[in-house]
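Novice: This is the structure, below, for whatever I ask next.
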There are 2 protein chains.
Amino acid sequence: MADKPRRPRAETPKGFRDYFGAEVTERKAMLDRIAGVYHRYGFDPLETSAVETVEALGKFLPDVDRPNEGVFAWEEEGDWLALRYDLTAPLARVAAQYRNDLPSPYRRYAMGPVWRNEKPGPGRFRQFYQCDADTVGSASVAADAEICAMLADALEEVGIPRGDYVVKVNNRKVLNGVMEVAGLAGDDKEAERGIVLRAIDKIDRLGPEGVRALLGEGRKDESGDFTRGAGLGTEQAEVVMGFTSAKRDAGAATVARLRELVGGSVIGAEGVSELEAIAALLDAQGYGPDRIMLDPGVVRGLGYYTGPVYEAELTFQITDEKGRPRNFGSVAGGGRYDGLVKRFTGQDVPATGVSIGVDRLLAALRAKGRVGGETAGPVVVTVMDRDRMADYMAMVGELRQAGIRAEVYLGNPKNFGNQLKYADKRQSPVAVIQGGDEAAKGTVILKDLILGAKIAESATLEEWKDRPAQVEVPRADLVAAVRKMLGQ
Amino acid sequence: MADKPRRPRAETPKGFRDYFGAEVTERKAMLDRIAGVYHRYGFDPLETSAVETVEALGKFLPDVDRPNEGVFAWEEEGDWLALRYDLTAPLARVAAQYRNDLPSPYRRYAMGPVWRNEKPGPGRFRQFYQCDADTVGSASVAADAEICAMLADALEEVGIPRGDYVVKVNNRKVLNGVMEVAGLAGDDKEAERGIVLRAIDKIDRLGPEGVRALLGEGRKDESGDFTRGAGLGTEQAEVVMGFTSAKRDAGAATVARLRELVGGSVIGAEGVSELEAIAALLDAQGYGPDRIMLDPGVVRGLGYYTGPVYEAELTFQITDEKGRPRNFGSVAGGGRYDGLVKRFTGQDVPATGVSIGVDRLLAALRAKGRVGGETAGPVVVTVMDRDRMADYMAMVGELRQAGIRAEVYLGNPKNFGNQLKYADKRQSPVAVIQGGDEAAKGTVILKDLILGAKIAESATLEEWKDRPAQVEVPRADLVAAVRKMLGQ
């Protein structure tokens, strides 16, 4: 035994997974529909390589402040290469590399896998899909409004009905204005601003009292753990609380309330005007607050946003793992950012864009029973006599010619039961059988496997009595008879 | 200057590239069509992760005998991970890992990028697409015949007309039989067998005399370099020569000639019978030698093939870089292999499959003017008055609602010439213009940019005089008038 080489383990690396059959086609069908909407909006596809220089990727890894951690990287002749961790960093590189050739503004969409070198966990993978659309080179809020409208259209196109989603829009400048009014401007207040942003982000979970505590001295949670607060006085805290509650209003009322709250802050007033302009542009295209609404509660995690930020939330309820109903929640988010291209060229290039969480949106479609993609199993032509394989291949050839998904059983045909088990595993709707007797008579037998399964499940045969689960037809009628059984 | 951080270079790593617009949609349209054929044949999609353990990949890197060279790999907690270098090694891992859950036989297709850590060169990239279909778990030559038929159908489906391609089929067992007859059996003759295989592979380039030289003592090429031969005697060499010329015959005649050549070799006779069976199965489905032919000249490079091998060749001529006409050549190849799954499980699992060279086939379609995919530029709504952006967004919204690809100009609108240059770069068919005068009258101006470009190229305006390159229409007729200008 000692000199036998150890066999390799047949395993995906930790945190990686394989996708089979319908998992592939359903995702593809969804992305194709989204691409159709992006195309109609004038966005062009871009497919960058999976591999970038670490230098080009920079330290923009979302949610992680440490450079080059969180990516899969390796050294090559002194250079470090890495797998991309998102689709925005490669876009920034492309926008800089081809700046003289690309149209400006440049509208592009990208769909594909990204990689994160993080600790895998349940439902948390180290390779997953992203689906982004960005406009590079437009400072106009019309570009932000367009992305929000396109996001709403995309959600409806894949099968989320109007009323089951809302795109929420906010503006970082408004947040910054509120911070100013609350006395949190200045470089020395960065920690406090972070505490306030995180507190606002948690309002749905903690409620107003929890947020108030975090704005002030701090908050003790149910477990007894204490979280330090931002140390705001009562008056300052009320400015922020007024801001978070402004989202309960709508449209013009929200804008008026926000303008009041940001008071004398120049940046805040600019942010409010931008939100107002976005609302007007969307109104002109018929996107009312039932689809796209202003919501000052939207913060978005990424540090690099500089203006409008937006988020798509699915509002229908699902049952969580503990059986409690909850809103499905966020499936897409984005905003305006300026720093990414500047890293390369030194020039400010305004950009705005959105990223759809492909797996989450697909899960939502599955929860709603709205997934597409061809998933029907093939008609299986069984092999009764291995010397007549050419006859069976001819049958399957005719079916395929007629556009019917079909295959001949290619395993060992000795055990006929195995062939039917195979057809079952393939979710085959129809099995075709031709033994020596049928061949002599010039017929084939068709077994309706879907009907057969229903009869097997049903207590009474009564309701099926007019539909035979098995028919014998002339060989020449094979295609027509299969079509009929498939209900085509 | 010294304390300014150096800016990162905006460059793809060496040997990698980006794909823009039509490059993405044309490839996607081709792969979608191929997937449609594979689906009809009962093949299911499989998408494995890009990352595998080096252990699982093994040393099966095609054309390279050195283990773990040629892949992008990195170490992680003692394990080595790597990017997949093809789609077959991951299939072998999947077939072993899920052997109790997958249907058997398992028909799967896979499409996606693979990575090779090789020296890049002109037109030679380190990331490229593969498109594979394999049947795992069938020992029947019907599985090989099916792949050949499917390959022919796929080529026709993407736009290669019948007569412009041929799928050539051979069998490694026949080759091995010929080797036996020529006295090259046995482990000590491996080097000579390699020389013979490479000589057969070169017959189109070297001609019969060149091959004969390589079978004998050796060959001196035009530059004076000497290549050592296999050292066969005249009689032995004639067996091999007879084998290579058998392909000039067709069907039954080829089979008879091969049977004669392999003489008493058991393995050779088995190979000939398999070829005969494949030909009969294909005939029964109507695939004649005009589409799929036996060709003993097909060798295929990979060492792991154990039975039938096949190759799709495009037979139409293109002009090479030196202006000489030549056949387009091979775009796909594959065959039967057994060892890959056995590495993991110790059990023999027969498998057969094909890989389409995605970039080569796409190049062939481009050469024939047969690429698909939506590539039309968007209608561009220009901005004459930046305060009326909502009006322009409303126009673009209506066009998109009507299914027309459209966008509003989102750059700085100050210079109207830049807007028309932008529309030109976007290959826009129509520009929409509404200044203050038109707004007051309730009209819009449509510029036919395709017609405009034709007029600009044409010496005389005569032929265009009945078609105005610019029209003014009521605002309410915007969609109808754009449709008319687009010829819809």
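We label chains A, B, ... in the order they appear in the structure tokens, count residues from 1 in each chain, and number ligands from 1 in the order shown.
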So which residues of range 123-293 of chain B fall under helix (DSSP H, G or I) by DSSP, listed as a count of residues only?

Specialist: 102

Novice: Taking 5 positions as the minimum chain separation for residues in the same chain, which residues sit within 10 Å of Gly335 in chain B when counting only C-alpha atoms? Answer as a PyMOL selection string.

Specialist: chain B and resi 134+144+147-148+169-172+300+302+304-311+351-355

Novice: Any chance you can output those residues with C-alpha atoms as a PDB file, in the first residue's frame?

Specialist:
ATOM      1  CA  ASP B 134     -19.068  15.823 -22.999  1.00  0.00           C
ATOM      2  CA  ASP B 144     -19.123   9.580 -30.012  1.00  0.00           C
ATOM      3  CA  ILE B 147     -21.148  14.393 -30.385  1.00  0.00           C
ATOM      4  CA  CYS B 148     -20.050  14.473 -34.047  1.00  0.00           C
ATOM      5  CA  VAL B 169     -13.429  11.126 -37.443  1.00  0.00           C
ATOM      6  CA  ASN B 170     -10.569   8.762 -36.676  1.00  0.00           C
ATOM      7  CA  ASN B 171      -9.799   6.260 -33.911  1.00  0.00           C
ATOM      8  CA  ARG B 172      -6.703   6.019 -31.741  1.00  0.00           C
ATOM      9  CA  ARG B 300      -5.227  15.175 -32.175  1.00  0.00           C
ATOM     10  CA  LEU B 302      -3.683  15.150 -26.403  1.00  0.00           C
ATOM     11  CA  TYR B 304      -5.159  11.016 -23.057  1.00  0.00           C
ATOM     12  CA  TYR B 305      -7.421  10.016 -25.961  1.00  0.00           C
ATOM     13  CA  THR B 306      -8.169   6.290 -26.006  1.00  0.00           C
ATOM     14  CA  GLY B 307     -10.657   5.681 -28.834  1.00  0.00           C
ATOM     15  CA  PRO B 308     -12.510   7.775 -31.411  1.00  0.00           C
ATOM     16  CA  VAL B 309     -11.073  11.250 -32.071  1.00  0.00           C
ATOM     17  CA  TYR B 310     -12.752  13.946 -34.128  1.00  0.00           C
ATOM     18  CA  GLU B 311     -12.092  17.396 -35.473  1.00  0.00           C
ATOM     19  CA  ALA B 351     -16.135   9.665 -21.454  1.00  0.00           C
ATOM     20  CA  THR B 352     -16.152  11.432 -24.794  1.00  0.00           C
ATOM     21  CA  GLY B 353     -16.387  15.097 -25.629  1.00  0.00           C
ATOM     22  CA  VAL B 354     -15.617  18.037 -27.846  1.00  0.00           C
ATOM     23  CA  SER B 355     -14.213  21.530 -27.310  1.00  0.00           C
TER      24      SER B 355
END

Novice: Rounded to one decimal in Å, what is the spacing between CA of Ala35 in chain A and CA of Gln285 in chain A?

Specialist: 20.9 Å

Novice: Write out as a short mmCIF file (atom, residue, chain, number, x, y, z; two decimals) with N, CA, C and O atoms, in the first residue's frame which residues come within 6 Å of Gly70 in chain A when counting only C-alpha atoms, dropping same-chain ones fewer than 5 positions away.

Specialist:
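Result went into around.cif, see below:
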data_model
loop_
_atom_site.label_atom_id
_atom_site.label_comp_id
_atom_site.auth_asym_id
_atom_site.auth_seq_id
_atom_site.Cartn_x
_atom_site.Cartn_y
_atom_site.Cartn_z
N ARG A 116 -13.74 37.03 -3.80
CA ARG A 116 -13.35 37.63 -2.52
C ARG A 116 -12.63 36.58 -1.68
O ARG A 116 -13.18 35.50 -1.45
N ASN A 117 -11.44 36.91 -1.26
CA ASN A 117 -10.69 35.98 -0.41
C ASN A 117 -11.08 36.21 1.05
O ASN A 117 -10.33 36.78 1.83
N GLU A 118 -12.28 35.78 1.38
CA GLU A 118 -12.80 35.97 2.73
C GLU A 118 -13.15 34.62 3.31
O GLU A 118 -13.24 33.63 2.61
#

Novice: Which residues, written as a PyMOL selection string, have at least one atom at most 10 Å from Gly233 in chain A, with only C-alpha atoms counted and residues fewer than 3 positions away on the same chain left out?

Specialist: chain A and resi 182-183+215-217+230+236-238

Novice: Leaving out Val166 in chain B and any residue of its chain fewer than 2 positions from it, which residues lie within 9 Å of it when counting only C-alpha atoms, given as a PDB file with N, CA and C atoms, in the first residue's frame?

Specialist:
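Written out: around30.pdb:
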ATOM      1  N   ALA B 152     -21.750  19.093 -35.945  1.00  0.00           N
ATOM      2  CA  ALA B 152     -22.170  19.522 -37.282  1.00  0.00           C
ATOM      3  C   ALA B 152     -23.385  20.446 -37.185  1.00  0.00           C
ATOM      4  N   ARG B 162     -23.659  24.263 -44.849  1.00  0.00           N
ATOM      5  CA  ARG B 162     -23.245  22.909 -45.229  1.00  0.00           C
ATOM      6  C   ARG B 162     -22.346  23.023 -46.466  1.00  0.00           C
ATOM      7  N   GLY B 163     -21.261  22.281 -46.472  1.00  0.00           N
ATOM      8  CA  GLY B 163     -20.310  22.376 -47.568  1.00  0.00           C
ATOM      9  C   GLY B 163     -19.098  23.217 -47.197  1.00  0.00           C
ATOM     10  N   ASP B 164     -19.284  24.083 -46.179  1.00  0.00           N
ATOM     11  CA  ASP B 164     -18.162  24.916 -45.726  1.00  0.00           C
ATOM     12  C   ASP B 164     -17.452  24.328 -44.516  1.00  0.00           C
ATOM     13  N   LYS B 168     -14.239  15.444 -39.204  1.00  0.00           N
ATOM     14  CA  LYS B 168     -13.412  14.282 -39.547  1.00  0.00           C
ATOM     15  C   LYS B 168     -13.282  13.374 -38.337  1.00  0.00           C
ATOM     16  N   PRO B 289     -21.067  11.648 -45.691  1.00  0.00           N
ATOM     17  CA  PRO B 289     -19.661  12.064 -45.671  1.00  0.00           C
ATOM     18  C   PRO B 289     -19.442  13.507 -46.116  1.00  0.00           C
ATOM     19  N   ASP B 290     -20.480  14.154 -46.666  1.00  0.00           N
ATOM     20  CA  ASP B 290     -20.328  15.579 -46.979  1.00  0.00           C
ATOM     21  C   ASP B 290     -20.252  16.405 -45.692  1.00  0.00           C
ATOM     22  N   ARG B 291     -20.802  15.820 -44.592  1.00  0.00           N
ATOM     23  CA  ARG B 291     -20.762  16.545 -43.320  1.00  0.00           C
ATOM     24  C   ARG B 291     -19.797  15.904 -42.318  1.00  0.00           C
ATOM     25  N   ILE B 292     -19.859  14.585 -42.227  1.00  0.00           N
ATOM     26  CA  ILE B 292     -18.995  13.884 -41.279  1.00  0.00           C
ATOM     27  C   ILE B 292     -18.314  12.745 -42.021  1.00  0.00           C
ATOM     28  N   MET B 293     -16.978  12.745 -42.091  1.00  0.00           N
ATOM     29  CA  MET B 293     -16.265  11.723 -42.849  1.00  0.00           C
ATOM     30  C   MET B 293     -15.196  11.040 -42.006  1.00  0.00           C
ATOM     31  N   GLU B 311     -12.576  16.038 -35.249  1.00  0.00           N
ATOM     32  CA  GLU B 311     -12.092  17.396 -35.473  1.00  0.00           C
ATOM     33  C   GLU B 311     -13.004  18.060 -36.485  1.00  0.00           C
ATOM     34  N   ALA B 312     -13.395  19.298 -36.255  1.00  0.00           N
ATOM     35  CA  ALA B 312     -14.200  20.029 -37.239  1.00  0.00           C
ATOM     36  C   ALA B 312     -13.301  21.003 -37.981  1.00  0.00           C
ATOM     37  N   GLU B 313     -13.340  20.922 -39.289  1.00  0.00           N
ATOM     38  CA  GLU B 313     -12.503  21.792 -40.096  1.00  0.00           C
ATOM     39  C   GLU B 313     -13.392  22.653 -40.980  1.00  0.00           C
ATOM     40  N   LEU B 314     -13.067  23.927 -41.086  1.00  0.00           N
ATOM     41  CA  LEU B 314     -13.788  24.804 -42.013  1.00  0.00           C
ATOM     42  C   LEU B 314     -13.026  24.788 -43.329  1.00  0.00           C
ATOM     43  N   THR B 315     -13.753  24.515 -44.403  1.00  0.00           N
ATOM     44  CA  THR B 315     -13.082  24.230 -45.676  1.00  0.00           C
ATOM     45  C   THR B 315     -13.048  25.411 -46.626  1.00  0.00           C
TER      46      THR B 315
END

Novice: Tell me which of A:Asp359, A:Asp391, A:Asp338, A:Asp283 sits closest to Ala145 in chain A, counting only C-alpha atoms.

Specialist: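 Nearest to Ala145 in chain A: A:Asp283.
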
Novice: Residues near Val379 in chain A, anyone? I mean within 6 Å using only C-alpha atoms, not counting same-chain ones fewer than 4 positions away, as a list in words.

Specialist: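 My list of contacting residues is Ala406, Ser428, Val430 and Ala431 of chain A.
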
Novice: Give the strand (DSSP E) residues of range 290-435 of chain A, as DSSP finds them on the backbone, and put them as a VMD selection string.

Specialist: chain A and resid 292 to 294 305 to 319 325 to 337 351 to 357 379 to 381 406 to 408 430 to 433

Novice: Can you tell me which residues surround Leu87 in chain A at a distance of at most 10 Å, considering only C-alpha atoms, apart from same-chain residues fewer than 2 positions away, and format the answer as a count of residues only?

Specialist: 22

Novice: What is the CA of Val37 in chain A to CA of Val444 in chain B distance in Å?

Specialist: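 Answer for the CA of Val37 in chain A to CA of Val444 in chain B separation: 25.3 Å.
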
Novice: Identify which of the residues A:Asp477, A:Asp86, A:Glu407, A:Glu23 lies closest to chain B, counting only C-alpha atoms when measuring atom-to-atom distances.

Specialist: A:Glu407

Novice: Please indicate the distance in Å from CA of Lys441 in chain B to CA of Val473 in chain B, rounded to one decimal place.

Specialist: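 So the answer is 10.2 Å.
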
Novice: Which is closest to chain A among B:Ile445, B:Val178, B:Ile433, B:Leu399, if we use only C-alpha atoms?

Specialist: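 Ranked by minimum distance to chain A, first place goes to B:Leu399.
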
Novice: Which one is closest to chain B: A:Gly194, A:Gly286, A:Gly268, A:Gly357? Count only C-alpha atoms.

Specialist: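 Smallest distance to chain B is found for A:Gly286.
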